file entry-v1.txt (compact mmCIF, C-alpha atoms (C1' of nucleotides))
# COMPACT_ATOMS: atom_id res chain seq x y z
CA MET A 36 -17.11 -13.62 3.31
CA THR A 37 -15.60 -16.36 5.40
CA ASP A 38 -18.98 -18.11 5.46
CA GLN A 39 -19.25 -21.56 3.99
CA HIS A 40 -22.15 -20.68 1.66
CA SER A 41 -24.06 -17.81 3.25
CA THR A 42 -27.45 -18.40 1.69
CA GLU A 43 -30.52 -16.54 2.84
CA ALA A 44 -31.80 -19.69 4.54
CA ARG A 45 -28.62 -19.90 6.60
CA ALA A 46 -29.06 -16.30 7.71
CA ARG A 47 -32.54 -17.15 8.99
CA VAL A 48 -31.10 -20.02 11.00
CA LEU A 49 -28.38 -17.85 12.54
CA ASP A 50 -30.82 -15.07 13.39
CA ALA A 51 -33.27 -17.45 15.03
CA ALA A 52 -30.48 -19.14 16.96
CA GLU A 53 -29.05 -15.84 18.17
CA GLN A 54 -32.42 -14.54 19.27
CA LEU A 55 -33.33 -17.69 21.19
CA PHE A 56 -29.90 -18.25 22.76
CA SER A 57 -29.63 -14.63 23.85
CA GLU A 58 -33.08 -14.65 25.41
CA HIS A 59 -33.16 -18.03 27.16
CA GLY A 60 -29.58 -19.26 27.34
CA TYR A 61 -27.62 -22.14 25.85
CA LYS A 62 -29.05 -25.03 27.86
CA SER A 63 -32.66 -23.91 27.66
CA VAL A 64 -32.76 -23.72 23.88
CA THR A 65 -32.93 -26.99 21.94
CA LEU A 66 -32.17 -27.51 18.27
CA ARG A 67 -35.85 -28.32 17.86
CA ASP A 68 -36.74 -24.88 19.24
CA ILE A 69 -34.50 -23.21 16.69
CA ALA A 70 -35.79 -25.39 13.86
CA LYS A 71 -39.38 -24.61 14.80
CA ALA A 72 -38.64 -20.89 14.77
CA VAL A 73 -37.21 -21.22 11.27
CA GLY A 74 -40.02 -23.49 10.12
CA ILE A 75 -37.97 -26.61 9.36
CA LYS A 76 -37.15 -29.92 11.04
CA HIS A 77 -34.26 -30.01 13.46
CA ALA A 78 -32.21 -32.42 11.36
CA SER A 79 -32.18 -29.85 8.55
CA LEU A 80 -30.23 -27.48 10.79
CA TYR A 81 -27.14 -29.60 10.22
CA HIS A 82 -27.09 -28.52 6.60
CA HIS A 83 -26.49 -24.92 7.70
CA ALA A 84 -24.59 -25.64 10.91
CA PRO A 85 -22.76 -28.93 10.28
CA ASP A 86 -20.74 -28.75 13.49
CA GLY A 87 -23.71 -28.96 15.81
CA LYS A 88 -25.27 -26.98 18.60
CA GLU A 89 -22.22 -25.77 20.48
CA ALA A 90 -20.48 -24.51 17.34
CA LEU A 91 -23.71 -22.76 16.33
CA PHE A 92 -23.91 -21.09 19.73
CA VAL A 93 -20.32 -19.96 19.56
CA GLU A 94 -20.78 -18.57 16.06
CA VAL A 95 -23.91 -16.53 16.71
CA THR A 96 -22.67 -15.34 20.10
CA GLU A 97 -19.42 -14.12 18.64
CA ARG A 98 -21.27 -12.50 15.75
CA GLY A 99 -23.57 -10.70 18.19
CA LEU A 100 -20.68 -9.51 20.32
CA ARG A 101 -18.81 -8.09 17.33
CA ARG A 102 -21.96 -6.33 16.20
CA HIS A 103 -22.21 -4.87 19.68
CA GLN A 104 -18.67 -3.60 19.48
CA ALA A 105 -19.21 -1.92 16.11
CA GLY A 106 -22.58 -0.48 17.11
CA LEU A 107 -21.37 0.78 20.46
CA GLU A 108 -18.28 2.47 19.05
CA ALA A 109 -20.30 4.13 16.30
CA ALA A 110 -23.01 5.31 18.68
CA ILE A 111 -20.45 6.71 21.11
CA GLN A 112 -18.40 8.43 18.43
CA GLN A 113 -21.32 10.29 16.90
CA ALA A 114 -22.55 11.50 20.30
CA GLU A 115 -21.36 14.78 21.78
CA PRO A 116 -18.21 14.42 23.87
CA ARG A 117 -20.17 14.76 27.11
CA ILE A 118 -20.37 11.81 29.45
CA GLU A 119 -24.14 11.88 29.70
CA ALA A 120 -24.63 12.06 25.94
CA GLN A 121 -22.19 9.24 25.33
CA LEU A 122 -23.58 6.98 28.05
CA GLU A 123 -27.09 7.54 26.74
CA ALA A 124 -26.00 6.76 23.18
CA ALA A 125 -24.37 3.52 24.30
CA ALA A 126 -27.27 2.51 26.53
CA HIS A 127 -29.90 3.25 23.89
CA TRP A 128 -28.00 1.13 21.41
CA LEU A 129 -27.87 -1.75 23.90
CA LEU A 130 -31.60 -1.43 24.55
CA ALA A 131 -32.32 -1.70 20.82
CA GLN A 132 -30.36 -4.95 20.49
CA PRO A 133 -31.27 -8.53 21.40
CA VAL A 134 -30.80 -8.82 25.16
CA LEU A 135 -27.18 -9.30 26.15
CA ASP A 136 -27.34 -11.03 29.50
CA PHE A 137 -23.77 -10.90 30.68
CA GLY A 138 -24.52 -12.45 34.02
CA ARG A 139 -26.28 -15.49 32.67
CA MET A 140 -23.67 -15.86 29.96
CA MET A 141 -20.92 -16.12 32.56
CA SER A 142 -22.69 -18.22 35.19
CA SER A 143 -24.73 -20.53 32.96
CA ASP A 144 -23.72 -20.56 29.31
CA MET A 145 -19.93 -20.53 29.54
CA PRO A 146 -19.62 -23.51 31.93
CA ALA A 147 -21.88 -25.51 29.60
CA ILE A 148 -19.62 -25.28 26.56
CA GLY A 149 -16.06 -26.37 25.95
CA GLU A 150 -13.44 -24.63 28.02
CA VAL A 151 -11.53 -23.32 25.01
CA HIS A 152 -14.62 -21.81 23.43
CA ALA A 153 -15.71 -20.39 26.75
CA ARG A 154 -12.45 -18.60 27.36
CA ARG A 155 -12.37 -17.14 23.87
CA LEU A 156 -15.98 -15.94 24.02
CA SER A 157 -15.39 -14.37 27.43
CA GLU A 158 -12.44 -12.42 26.11
CA ILE A 159 -14.38 -11.27 23.07
CA ALA A 160 -17.26 -10.25 25.30
CA TYR A 161 -15.13 -8.01 27.46
CA ALA A 162 -13.23 -6.55 24.55
CA SER A 163 -16.42 -5.89 22.59
CA VAL A 164 -18.77 -4.37 25.12
CA MET A 165 -16.74 -3.52 28.20
CA GLN A 166 -13.90 -1.67 26.50
CA PRO A 167 -16.03 0.88 24.59
CA ILE A 168 -17.96 1.75 27.74
CA GLN A 169 -14.82 1.94 29.84
CA GLN A 170 -13.47 4.42 27.30
CA ILE A 171 -16.42 6.72 27.92
CA PHE A 172 -15.58 6.93 31.59
CA ARG A 173 -11.84 7.23 31.04
CA GLN A 174 -12.20 10.06 28.55
CA ALA A 175 -14.72 11.89 30.70
CA ALA A 176 -12.27 11.67 33.58
CA ALA A 177 -9.51 13.00 31.33
CA ARG A 178 -11.75 15.94 30.37
CA GLY A 179 -12.33 16.58 34.06
CA GLU A 180 -16.07 15.95 33.81
CA ILE A 181 -16.04 13.25 36.45
CA LYS A 182 -13.91 12.08 39.31
CA CYS A 183 -11.37 9.41 38.52
CA ALA A 184 -12.71 5.94 39.28
CA ASN A 185 -12.40 2.27 38.34
CA ALA A 186 -13.64 2.42 34.75
CA GLY A 187 -14.05 -1.35 34.53
CA LEU A 188 -16.23 -1.42 37.61
CA LEU A 189 -18.35 1.40 36.23
CA ALA A 190 -18.68 -0.21 32.80
CA GLY A 191 -19.69 -3.58 34.22
CA GLY A 192 -22.24 -1.89 36.41
CA LEU A 193 -23.74 0.14 33.58
CA LEU A 194 -24.16 -3.04 31.54
CA ALA A 195 -25.90 -4.72 34.45
CA LEU A 196 -28.15 -1.71 34.92
CA VAL A 197 -29.28 -1.77 31.30
CA GLU A 198 -30.02 -5.47 31.54
CA SER A 199 -31.88 -5.04 34.82
CA ILE A 200 -34.39 -2.82 33.09
CA HIS A 201 -35.53 -5.74 30.95
CA HIS A 202 -36.49 -7.72 34.03
CA LEU A 203 -38.50 -5.09 35.89
CA PRO A 204 -42.11 -6.12 36.50
CA ALA A 205 -44.78 -4.15 34.71
CA HIS A 206 -45.98 -2.30 37.81
CA ILE A 207 -42.53 -0.73 38.20
CA ALA A 208 -41.61 -0.21 34.55
CA THR A 209 -44.25 2.42 33.94
CA GLN A 210 -42.24 4.48 31.47
CA PRO A 211 -40.31 3.68 28.28
CA LYS A 212 -37.03 1.83 28.78
CA THR A 213 -35.02 4.69 27.32
CA GLY A 214 -36.46 6.98 29.95
CA MET A 215 -35.52 4.61 32.74
CA VAL A 216 -31.98 4.19 31.50
CA ASP A 217 -31.61 7.96 31.15
CA ALA A 218 -32.80 8.35 34.72
CA TRP A 219 -30.10 5.95 35.89
CA ILE A 220 -27.43 7.77 33.92
CA ASP A 221 -28.47 11.00 35.58
CA VAL A 222 -28.10 9.28 38.94
CA ILE A 223 -24.63 8.01 38.05
CA VAL A 224 -23.41 11.42 36.93
CA ASN A 225 -25.13 13.70 39.42
CA GLY A 226 -26.02 11.43 42.30
CA LEU A 227 -29.24 11.13 44.27
CA ARG A 228 -28.29 13.67 46.90
CA PRO A 229 -29.76 17.11 46.24
CA ASN A 230 -26.95 19.39 45.11
CA PRO A 231 -26.01 21.56 48.10
CA THR A 232 -25.40 24.58 45.83
CA THR A 233 -29.06 24.63 44.82
CA ALA A 234 -30.06 24.90 48.45
CA TYR A 235 -28.76 28.45 48.77
CA MET B 300 -41.59 -27.06 61.41
CA THR B 301 -43.68 -27.61 58.32
CA ASP B 302 -41.04 -30.02 56.99
CA GLN B 303 -42.01 -33.58 56.30
CA HIS B 304 -39.22 -35.04 58.44
CA SER B 305 -36.39 -32.49 58.50
CA THR B 306 -33.49 -34.82 59.10
CA GLU B 307 -29.92 -33.64 58.84
CA ALA B 308 -29.50 -35.58 55.59
CA ARG B 309 -32.41 -33.71 54.07
CA ALA B 310 -30.84 -30.40 55.03
CA ARG B 311 -27.68 -31.40 53.18
CA VAL B 312 -29.74 -32.15 50.07
CA LEU B 313 -31.55 -28.82 50.21
CA ASP B 314 -28.33 -26.89 50.77
CA ALA B 315 -26.55 -28.58 47.88
CA ALA B 316 -29.56 -28.05 45.60
CA GLU B 317 -29.82 -24.38 46.51
CA GLN B 318 -26.12 -23.78 45.99
CA LEU B 319 -26.05 -25.47 42.58
CA PHE B 320 -29.33 -24.04 41.30
CA SER B 321 -28.42 -20.52 42.37
CA GLU B 322 -25.01 -20.73 40.74
CA HIS B 323 -25.79 -22.47 37.44
CA GLY B 324 -29.55 -22.25 36.97
CA TYR B 325 -32.41 -24.75 36.84
CA LYS B 326 -31.74 -26.34 33.45
CA SER B 327 -27.99 -26.68 33.86
CA VAL B 328 -28.18 -28.61 37.12
CA THR B 329 -29.17 -32.27 36.98
CA LEU B 330 -30.37 -34.41 39.84
CA ARG B 331 -27.17 -36.41 39.41
CA ASP B 332 -25.14 -33.22 40.01
CA ILE B 333 -26.98 -32.59 43.25
CA ALA B 334 -26.64 -36.22 44.34
CA LYS B 335 -22.92 -36.18 43.64
CA ALA B 336 -22.50 -33.02 45.73
CA VAL B 337 -24.24 -34.73 48.63
CA GLY B 338 -22.36 -37.97 48.10
CA ILE B 339 -25.30 -40.23 47.26
CA LYS B 340 -26.93 -41.69 44.14
CA HIS B 341 -29.51 -39.61 42.33
CA ALA B 342 -32.36 -42.04 43.00
CA SER B 343 -31.86 -41.49 46.72
CA LEU B 344 -32.83 -37.86 46.30
CA TYR B 345 -36.44 -38.92 45.92
CA HIS B 346 -36.48 -40.02 49.53
CA HIS B 347 -35.91 -36.40 50.61
CA ALA B 348 -37.64 -34.69 47.70
CA PRO B 349 -40.39 -37.08 46.62
CA ASP B 350 -41.99 -34.61 44.23
CA GLY B 351 -39.00 -34.38 41.91
CA LYS B 352 -36.70 -31.79 40.49
CA GLU B 353 -39.09 -28.93 39.85
CA ALA B 354 -40.63 -29.12 43.32
CA LEU B 355 -37.13 -29.23 44.81
CA PHE B 356 -36.12 -26.15 42.85
CA VAL B 357 -39.23 -24.29 43.95
CA GLU B 358 -38.67 -25.24 47.58
CA VAL B 359 -35.04 -24.20 47.84
CA THR B 360 -35.56 -21.07 45.78
CA GLU B 361 -38.43 -19.95 47.98
CA ARG B 362 -36.43 -20.79 51.07
CA GLY B 363 -33.52 -18.73 49.82
CA LEU B 364 -35.72 -15.77 48.96
CA ARG B 365 -37.33 -15.74 52.38
CA ARG B 366 -33.92 -15.91 54.00
CA HIS B 367 -32.94 -12.93 51.87
CA GLN B 368 -35.97 -11.01 53.06
CA ALA B 369 -35.27 -11.69 56.72
CA GLY B 370 -31.55 -11.00 56.37
CA LEU B 371 -32.03 -7.81 54.39
CA GLU B 372 -34.61 -6.37 56.76
CA ALA B 373 -32.43 -7.16 59.77
CA ALA B 374 -29.31 -5.71 58.19
CA ILE B 375 -31.13 -2.54 57.17
CA GLN B 376 -32.81 -2.06 60.51
CA GLN B 377 -29.63 -2.29 62.54
CA ALA B 378 -27.82 0.16 60.27
CA GLU B 379 -27.86 3.89 60.94
CA PRO B 380 -30.78 5.68 59.29
CA ARG B 381 -28.53 7.15 56.60
CA ILE B 382 -28.98 6.03 53.02
CA GLU B 383 -25.35 5.11 52.51
CA ALA B 384 -25.15 3.07 55.69
CA GLN B 385 -28.37 1.23 54.87
CA LEU B 386 -27.45 0.53 51.25
CA GLU B 387 -24.07 -0.77 52.34
CA ALA B 388 -25.64 -2.99 54.96
CA ALA B 389 -28.04 -4.45 52.40
CA ALA B 390 -25.37 -4.89 49.74
CA HIS B 391 -22.89 -6.51 52.11
CA TRP B 392 -25.53 -8.98 53.17
CA LEU B 393 -26.29 -9.85 49.55
CA LEU B 394 -22.59 -10.34 48.85
CA ALA B 395 -22.30 -12.78 51.72
CA GLN B 396 -25.15 -14.95 50.41
CA PRO B 397 -25.24 -17.55 47.62
CA VAL B 398 -25.46 -15.58 44.37
CA LEU B 399 -28.96 -14.36 43.62
CA ASP B 400 -29.02 -13.96 39.86
CA PHE B 401 -32.29 -12.15 39.28
CA GLY B 402 -31.73 -11.76 35.56
CA ARG B 403 -31.08 -15.42 34.88
CA MET B 404 -33.92 -16.40 37.17
CA MET B 405 -36.38 -14.37 35.14
CA SER B 406 -35.10 -15.11 31.64
CA SER B 407 -34.05 -18.74 32.03
CA ASP B 408 -35.33 -20.46 35.14
CA MET B 409 -38.89 -19.19 35.35
CA PRO B 410 -39.86 -20.13 31.76
CA ALA B 411 -38.52 -23.63 32.39
CA ILE B 412 -40.87 -24.44 35.27
CA GLY B 413 -44.64 -24.59 35.54
CA GLU B 414 -46.43 -21.31 34.99
CA VAL B 415 -48.12 -21.37 38.39
CA HIS B 416 -44.87 -21.96 40.24
CA ALA B 417 -43.10 -19.34 38.14
CA ARG B 418 -45.64 -16.64 38.90
CA ARG B 419 -45.56 -17.41 42.62
CA LEU B 420 -41.78 -17.42 42.81
CA SER B 421 -41.57 -14.17 40.88
CA GLU B 422 -43.93 -12.47 43.31
CA ILE B 423 -42.00 -13.80 46.29
CA ALA B 424 -38.75 -12.65 44.70
CA TYR B 425 -39.92 -9.08 44.32
CA ALA B 426 -41.57 -8.95 47.72
CA SER B 427 -38.52 -10.45 49.43
CA VAL B 428 -35.60 -8.57 47.93
CA MET B 429 -37.02 -5.61 46.00
CA GLN B 430 -39.32 -4.28 48.70
CA PRO B 431 -36.73 -3.94 51.49
CA ILE B 432 -34.36 -2.10 49.15
CA GLN B 433 -37.12 0.12 47.80
CA GLN B 434 -37.89 1.06 51.38
CA ILE B 435 -34.35 2.34 51.87
CA PHE B 436 -34.77 4.77 48.98
CA ARG B 437 -38.29 5.80 49.95
CA GLN B 438 -37.36 6.54 53.54
CA ALA B 439 -34.24 8.43 52.50
CA ALA B 440 -36.38 10.55 50.20
CA ALA B 441 -38.83 11.15 53.06
CA ARG B 442 -35.93 12.28 55.27
CA GLY B 443 -34.85 14.64 52.50
CA GLU B 444 -31.50 12.92 52.02
CA ILE B 445 -32.08 12.24 48.34
CA LYS B 446 -34.18 13.50 45.50
CA CYS B 447 -37.47 11.71 44.92
CA ALA B 448 -37.14 9.00 42.29
CA ASN B 449 -38.58 5.70 41.10
CA ALA B 450 -37.67 3.52 44.07
CA GLY B 451 -38.40 0.32 42.15
CA LEU B 452 -36.06 1.29 39.35
CA LEU B 453 -33.33 2.14 41.86
CA ALA B 454 -33.81 -1.10 43.80
CA GLY B 455 -33.70 -3.28 40.69
CA GLY B 456 -30.59 -1.50 39.55
CA LEU B 457 -28.82 -1.87 42.87
CA LEU B 458 -29.52 -5.61 42.82
CA ALA B 459 -28.10 -5.86 39.31
CA LEU B 460 -25.04 -3.89 40.37
CA VAL B 461 -24.30 -6.24 43.25
CA GLU B 462 -24.66 -9.24 40.97
CA SER B 463 -22.47 -7.67 38.32
CA ILE B 464 -19.58 -7.60 40.73
CA HIS B 465 -19.54 -11.38 40.83
CA HIS B 466 -18.91 -11.54 37.07
CA LEU B 467 -16.09 -9.05 36.79
CA PRO B 468 -12.88 -10.56 35.40
CA ALA B 469 -9.91 -10.78 37.72
CA HIS B 470 -7.97 -7.98 36.04
CA ILE B 471 -10.77 -5.53 36.88
CA ALA B 472 -11.81 -6.83 40.28
CA THR B 473 -8.60 -5.86 42.00
CA GLN B 474 -10.11 -5.01 45.36
CA PRO B 475 -12.48 -6.82 47.76
CA LYS B 476 -16.10 -7.05 46.62
CA THR B 477 -17.31 -5.02 49.57
CA GLY B 478 -15.02 -2.20 48.53
CA MET B 479 -16.37 -2.24 44.99
CA VAL B 480 -19.96 -2.23 46.10
CA ASP B 481 -19.25 0.63 48.48
CA ALA B 482 -17.69 2.57 45.61
CA TRP B 483 -20.86 2.11 43.57
CA ILE B 484 -23.04 3.23 46.45
CA ASP B 485 -20.97 6.38 46.74
CA VAL B 486 -21.53 6.97 43.02
CA ILE B 487 -25.28 6.49 43.38
CA VAL B 488 -25.54 8.90 46.28
CA ASN B 489 -23.03 11.57 45.30
CA GLY B 490 -22.58 11.09 41.58
CA LEU B 491 -19.43 10.98 39.50
CA ARG B 492 -19.38 14.69 38.78
CA PRO B 493 -17.04 16.62 41.09
CA ASN B 494 -19.16 18.56 43.53
CA PRO B 495 -19.12 22.23 42.41
CA THR B 496 -19.06 23.46 46.01
CA THR B 497 -15.69 21.82 46.60
CA ALA B 498 -14.24 23.73 43.66
CA TYR B 499 -14.43 27.06 45.47
C1' DG C 73 -32.41 -27.82 1.18
C1' DT C 74 -35.54 -30.38 3.51
C1' DC C 75 -37.39 -34.59 4.84
C1' DT C 76 -37.88 -39.41 7.49
C1' DA C 77 -35.75 -42.77 10.13
C1' DT C 78 -32.69 -44.08 13.43
C1' DA C 79 -28.80 -44.43 16.71
C1' DC C 80 -27.10 -43.12 21.07
C1' DA C 81 -26.45 -40.53 25.42
C1' DC C 82 -28.52 -38.21 29.16
C1' DT C 83 -32.21 -36.98 32.35
C1' DG C 84 -36.10 -37.44 35.38
C1' DA C 85 -38.55 -40.79 37.57
C1' DT C 86 -40.21 -45.47 39.69
C1' DA C 87 -39.73 -50.15 41.89
C1' DG C 88 -37.86 -53.01 44.98
C1' DA C 89 -33.70 -55.15 47.60
C1' DC C 90 -30.81 -54.25 51.59
C1' DG D 157 -31.70 -43.94 53.87
C1' DT D 158 -29.27 -45.59 50.33
C1' DC D 159 -28.57 -48.73 46.79
C1' DT D 160 -29.15 -51.20 41.92
C1' DA D 161 -31.88 -51.81 38.02
C1' DT D 162 -34.81 -50.15 34.77
C1' DC D 163 -38.00 -47.26 32.07
C1' DA D 164 -39.83 -43.52 29.17
C1' DG D 165 -38.90 -39.16 27.29
C1' DT D 166 -36.00 -35.93 25.21
C1' DG D 167 -31.73 -34.12 23.16
C1' DT D 168 -27.91 -34.20 19.86
C1' DA D 169 -26.32 -36.16 15.92
C1' DT D 170 -25.95 -39.13 11.52
C1' DA D 171 -27.54 -41.58 7.16
C1' DG D 172 -29.88 -41.62 3.25
C1' DA D 173 -34.21 -40.69 0.29
C1' DC D 174 -36.37 -37.01 -2.37
call {"tool": "encode", "arguments": {"input": "entry-v1.txt", "output": "structure tokens"}}
result
Amino acid sequence: MTDQHSTEARARVLDAAEQLFSEHGYKSVTLRDIAKAVGIKHASLYHHAPDGKEALFVEVTERGLRRHQAGLEAAIQQAEPRIEAQLEAAAHWLLAQPVLDFGRMMSSDMPAIGEVHARRLSEIAYASVMQPIQQIFRQAAARGEIKCANAGLLAGGLLALVESIHHLPAHIATQPKTGMVDAWIDVIVNGLRPNPTTAY
Amino acid sequence: MTDQHSTEARARVLDAAEQLFSEHGYKSVTLRDIAKAVGIKHASLYHHAPDGKEALFVEVTERGLRRHQAGLEAAIQQAEPRIEAQLEAAAHWLLAQPVLDFGRMMSSDMPAIGEVHARRLSEIAYASVMQPIQQIFRQAAARGEIKCANAGLLAGGLLALVESIHHLPAHIATQPKTGMVDAWIDVIVNGLRPNPTTAY
DNA sequence: GTCTATACACTGATAGAC
DNA sequence: GTCTATCAGTGTATAGAC
């Protein structure tokens, strides 16, 4: 391990930090919030994260992104080589993870941390979660399953769609999240327009 | 007007506040940031917004949402009654406005303000921007243009898609934003799968 | 590994001069 | 309408006891 000590207490700190940062954002989460979640005083955090809040945020964010990359690639690989199966595998994996709010990360979190860190995290983010999803679209196009299109645009949109499901109010989100994401994937592949061939 | 005085200086304050809040979020924007954008000292803000930061945020957010409602309904109404034309009209209007980051608003901004204000703003948000877009899908379904579906799910997703375009990195966003949003609308209506009828 | 105590900067907010 | 001055509260961070 590259970790400095990697005790079990440190793991609890990192997990709490990742969960809180990913849900509420960098600025909204204080070191006292994290400490309270772990059950210690905020000063004790500096034993596990000596370089302070920003370094802690960078560490857990990067860790989460790399986990996303590994999980996404595994989920996609073990799915059938059909675009719908692969998109559903990727989307279900994203739904099972701590929320990854790309939009907030770019508009709120990144400007709040050092420019160097921000640029590196942004690159990792795109390489980790955009690339695997872009590959799904590219390969499906190569197999002739779908029309050629801007894979980056599609991947970014799919990510946003998955995230949007978390924010739906209860009176709209009347079915399980996996069902809603599958419905969207069906729309993306087949469209909303009734297939003219079925009309005959 | 219901405004307390409604001078031109006050309008500058509200506009700067709305722009900054909508771009970076409630917590990330300080009163000193807003004051600097207007060109005054932060204490002077209390002349135009005597009730402080949270009340200012609520006011400009509500104002922006109501402007969205009016603008969306107008754009939709003057478009042809075809789903693609109406979705494009709505999306283009959203693109021309200050960014409306629904996801960050729900996960970051709302928990940071008073519960009463948060609930009211959330309701206004859904009534103002979700409802008009849901109507597009519902009416298109009634006209038989599209399959019946969860209009709320579709509306929330379309909003997220428009927002996602703002966060695309430069190497992906190689065409104008309106072109990218139009491409997505085509995907939603017609799907990515090549139409089988065109194959014969 | 966790605590208390403390230093220091920043933020929202108020008071009063001009 | 805008300013300077000032305050209390909170946030990050450090030092040192246990």
call {"tool": "closest_atom_pairs", "arguments": {"input": "entry-v1.txt", "of": "chain B", "to": "chain C", "cutoff": "9 Å", "atoms": "all atoms listed in the file", "output": "Markdown table"}}
result
| residue | atom | partner | partner_atom | distance |
| --- | --- | --- | --- | --- |
| B:Thr329 | CA | C:DT83 | C1' | 7.3 |
| B:Leu330 | CA | C:DG84 | C1' | 7.9 |
| B:Arg331 | CA | C:DT83 | C1' | 8.7 |
| B:Ala342 | CA | C:DA85 | C1' | 8.3 |
| B:Tyr345 | CA | C:DA85 | C1' | 8.8 |
| B:Gly351 | CA | C:DA85 | C1' | 7.8 |
| B:Lys352 | CA | C:DG84 | C1' | 7.6 |
call {"tool": "interface_residues", "arguments": {"input": "entry-v1.txt", "of": "chain A", "to": "chain B", "cutoff": "6 Å", "atoms": "all atoms listed in the file", "output": "list in words"}}
result
His59, Arg139, Ser142, Ser143, Ile181, Lys182, Gly187, Gly192, Ala195, Leu196, Ser199, Ile207, Val222, Ile223, Val224, Asn225, Gly226, Leu227, Arg228 and Pro229 of chain A
call {"tool": "axis_aligned_box", "arguments": {"input": "entry-v1.txt", "around": "stretch 73-76 of chain C", "padding_each_side": "3 Å", "output": "lines of an AutoDock Vina configuration file"}}
result
center_x = -35.1
center_y = -33.6
center_z = 4.3
size_x = 11.5
size_y = 17.6
size_z = 12.3
call {"tool": "residues_around", "arguments": {"input": "entry-v1.txt", "residues": "stretch 157-161 of chain D", "least_positions_apart": "4", "cutoff": "8 Å", "atoms": "only C-alpha atoms (C1' of nucleotides)", "output": "count of residues only"}}
result
5
call {"tool": "atom_distance", "arguments": {"input": "entry-v1.txt", "atom1": "atom CA of B:Ile432", "atom2": "atom CA of A:Asp217"}}
result
20.8 Å
call {"tool": "interface_residues", "arguments": {"input": "entry-v1.txt", "of": "chain D", "to": "chain A", "cutoff": "9 Å", "atoms": "only C-alpha atoms (C1' of nucleotides)", "output": "ChimeraX atom specification"}}
result
/D:167-169
call {"tool": "write_last_selection", "arguments": {"input": "entry-v1.txt", "atoms": "C-alpha atoms (C1' of nucleotides)", "output": "short mmCIF file (atom, residue, chain, number, x, y, z; two decimals), in the coordinates of the input"}}
result
data_model
loop_
_atom_site.label_atom_id
_atom_site.label_comp_id
_atom_site.auth_asym_id
_atom_site.auth_seq_id
_atom_site.Cartn_x
_atom_site.Cartn_y
_atom_site.Cartn_z
"C1'" DG D 167 -31.73 -34.12 23.16
"C1'" DT D 168 -27.91 -34.20 19.86
"C1'" DA D 169 -26.32 -36.16 15.92
#
call {"tool": "atom_distance", "arguments": {"input": "entry-v1.txt", "atom1": "atom CA of B:Arg362", "atom2": "atom CA of B:Ala378"}}
result
24.4 Å
call {"tool": "atom_distance", "arguments": {"input": "entry-v1.txt", "atom1": "atom CA of B:Ala336", "atom2": "atom CA of B:Ala308"}}
result
12.4 Å
call {"tool": "closest_atom_pairs", "arguments": {"input": "entry-v1.txt", "of": "stretch 326-380 of chain B", "to": "stretch 313-317 of chain B", "cutoff": "7 Å", "atoms": "all atoms listed in the file", "output": "tab-separated table"}}
result
residue	atom	partner	partner_atom	distance
B:Ile333	CA	B:Ala316	CA	5.7
B:Ala336	CA	B:Ala315	CA	6.4
B:Val337	CA	B:Ala315	CA	6.6
B:Val359	CA	B:Glu317	CA	5.4
B:Thr360	CA	B:Glu317	CA	6.7
call {"tool": "write_last_selection", "arguments": {"input": "entry-v1.txt", "atoms": "C-alpha atoms", "output": "PDB file, keeping the file's coordinate frame"}}
result
ATOM      1  CA  ILE B 333     -26.980 -32.590  43.250  1.00  0.00           C
ATOM      2  CA  ALA B 336     -22.500 -33.020  45.730  1.00  0.00           C
ATOM      3  CA  VAL B 337     -24.240 -34.730  48.630  1.00  0.00           C
ATOM      4  CA  VAL B 359     -35.040 -24.200  47.840  1.00  0.00           C
ATOM      5  CA  THR B 360     -35.560 -21.070  45.780  1.00  0.00           C
TER       6      THR B 360
END
